[in-house]
$ cat structure.txt   # compact mmCIF, C-alpha atoms
# COMPACT_ATOMS: atom_id res chain seq x y z
CA MET A 1 30.85 119.51 59.85
CA ARG A 2 29.99 120.18 63.44
CA THR A 3 31.83 117.11 64.76
CA GLU A 4 35.04 118.09 62.97
CA GLY A 5 35.07 121.42 64.81
CA PHE A 6 34.48 119.66 68.13
CA PHE A 7 37.36 117.20 67.67
CA GLU A 8 39.67 119.97 66.52
CA TRP A 9 38.79 121.95 69.64
CA LEU A 10 39.23 118.84 71.83
CA GLY A 11 42.62 118.08 70.28
CA ARG A 12 43.74 121.67 70.76
CA MET A 13 42.69 121.64 74.44
CA ILE A 14 44.47 118.34 75.14
CA GLY A 15 47.55 119.62 73.32
CA THR A 16 47.48 122.82 75.37
CA VAL A 17 47.26 120.86 78.63
CA ILE A 18 50.11 118.56 77.60
CA ARG A 19 52.22 121.57 76.57
CA PHE A 20 51.53 123.24 79.96
CA PHE A 21 52.72 120.18 81.89
CA VAL A 22 55.82 119.75 79.72
CA ASP A 23 56.74 123.42 80.22
CA LEU A 24 56.06 123.16 83.96
CA LEU A 25 58.23 120.05 84.39
CA SER A 26 60.95 121.53 82.21
CA GLY A 27 61.06 124.64 84.38
CA VAL A 28 61.06 122.71 87.66
CA LEU A 29 63.73 120.21 86.61
CA GLY A 30 65.82 122.96 85.02
CA GLY A 31 65.64 124.90 88.29
CA ILE A 32 66.69 121.88 90.31
CA GLY A 33 69.57 121.19 87.94
CA GLN A 34 70.72 124.81 88.17
CA ALA A 35 70.51 124.70 91.98
CA ILE A 36 72.65 121.54 92.11
CA ASP A 37 75.17 123.08 89.72
CA ASP A 38 75.34 126.27 91.80
CA PHE A 39 75.79 124.22 94.99
CA PHE A 40 78.73 122.25 93.59
CA ASN A 41 80.32 125.37 92.12
CA GLY A 42 80.03 127.19 95.47
CA LEU A 43 81.41 124.19 97.34
CA ALA A 44 84.34 123.85 94.95
CA ARG A 45 85.07 127.58 95.03
CA ALA A 46 85.06 127.62 98.86
CA ILE A 47 87.43 124.66 99.10
CA GLY A 48 89.58 125.77 96.19
CA MET A 49 89.18 122.73 93.98
CA ASP A 50 88.07 122.08 90.42
CA VAL A 51 84.50 121.03 89.72
CA SER A 52 84.72 117.54 88.23
CA PHE A 53 83.36 114.14 89.06
CA PHE A 54 86.83 112.93 90.05
CA SER A 55 87.36 115.86 92.42
CA LEU A 56 83.97 115.35 94.07
CA PHE A 57 84.71 111.64 94.40
CA LEU A 58 88.04 112.39 96.09
CA LEU A 59 86.31 114.90 98.36
CA VAL A 60 83.88 112.22 99.55
CA ILE A 61 86.71 109.73 100.11
CA GLY A 62 88.75 112.31 102.04
CA LEU A 63 85.80 113.24 104.24
CA LEU A 64 85.06 109.57 104.92
CA LEU A 65 88.69 108.96 105.92
CA LEU A 66 88.63 111.96 108.27
CA TYR A 67 85.34 110.75 109.76
CA SER A 68 86.80 107.27 110.26
CA GLY A 69 89.87 108.77 111.90
CA ILE A 70 87.75 110.75 114.35
CA ARG A 71 85.69 107.64 115.14
CA ALA A 72 88.92 105.72 115.76
CA PHE A 73 90.06 108.39 118.22
CA ILE A 74 86.71 108.17 120.00
CA ARG A 75 87.17 104.38 120.29
CA LYS A 76 90.60 105.11 121.82
CA SER A 77 92.49 103.60 118.88
CA ILE A 78 95.33 106.11 118.67
CA ILE A 79 97.37 104.44 115.89
CA GLY A 80 94.31 103.81 113.69
CA GLY A 81 93.08 107.34 114.30
CA LEU A 82 96.43 108.83 113.34
CA VAL A 83 96.72 106.74 110.17
CA LEU A 84 93.16 107.41 108.98
CA THR A 85 93.33 111.10 109.81
CA PHE A 86 96.67 111.42 108.01
CA LEU A 87 95.30 109.63 104.93
CA GLY A 88 92.21 111.84 104.96
CA LEU A 89 94.35 114.97 105.15
CA VAL A 90 96.56 113.75 102.30
CA VAL A 91 93.55 113.11 100.07
CA MET A 92 92.01 116.47 100.97
CA SER A 93 95.29 118.27 100.29
CA TRP A 94 95.33 116.87 96.73
CA LEU A 95 92.08 118.71 96.06
CA ILE A 96 93.23 122.17 97.07
CA VAL A 97 94.61 124.04 94.09

$ encode --input "structure.txt" --output "structure tokens"
Amino acid sequence: MRTEGFFEWLGRMIGTVIRFFVDLLSGVLGGIGQAIDDFFNGLARAIGMDVSFFSLFLLVIGLLLLYSGIRAFIRKSIIGGLVLTFLGLVVMSWLIV
């Protein structure tokens, strides 16, 4: 009889520890997910675009084109800088609602 009480107690303690870690990880990962969601919503609201994977993908492409255009101007490639900057501005203008 005594050993059954011990194993019940041991199982309850291990279950409590497991439950604590699951709740802890759930809270931490939920907080990180909410922070990422808030970041993208704030970014989209500031730019004036919709929050979708496609919009974020176009945003990254537009920023890369603008960056490449600026680098082309720094390398003194005027035509390449103008073309890349123009393409970056066109892509970025599609995003603005």

$ residues_around --input "structure.txt" --residues "Ala44 of chain A" --least-positions-apart "3" --cutoff "12 Å" --atoms "all atoms listed in the file" --output "PyMOL selection string"
chain A and resi 37-41+47-53+55-56+59+95-97

$ axis_aligned_box --input "structure.txt" --around "segment 59-72 of chain A" --padding-each-side "6 Å" --output "AutoDock Vina command-line options"
--center_x 86.9 --center_y 110.3 --center_z 107.1 --size_x 18.0 --size_y 21.2 --size_z 29.4

$ atom_distance --input "structure.txt" --atom1 "atom CA of Ser68 of chain A" --atom2 "atom CA of Thr85 of chain A"
7.6 Å

$ residues_around --input "structure.txt" --residues "Leu63 of chain A" --least-positions-apart "2" --cutoff "10 Å" --atoms "all atoms listed in the file" --output "VMD selection string"
chain A and resid 58 to 61 65 to 69 85 88 to 89 91 to 92

$ closest_residue --input "structure.txt" --among "A:Phe86, A:Phe57, A:Trp9, A:Trp94" --to "Ile70 of chain A" --atoms "all atoms listed in the file"
A:Phe86
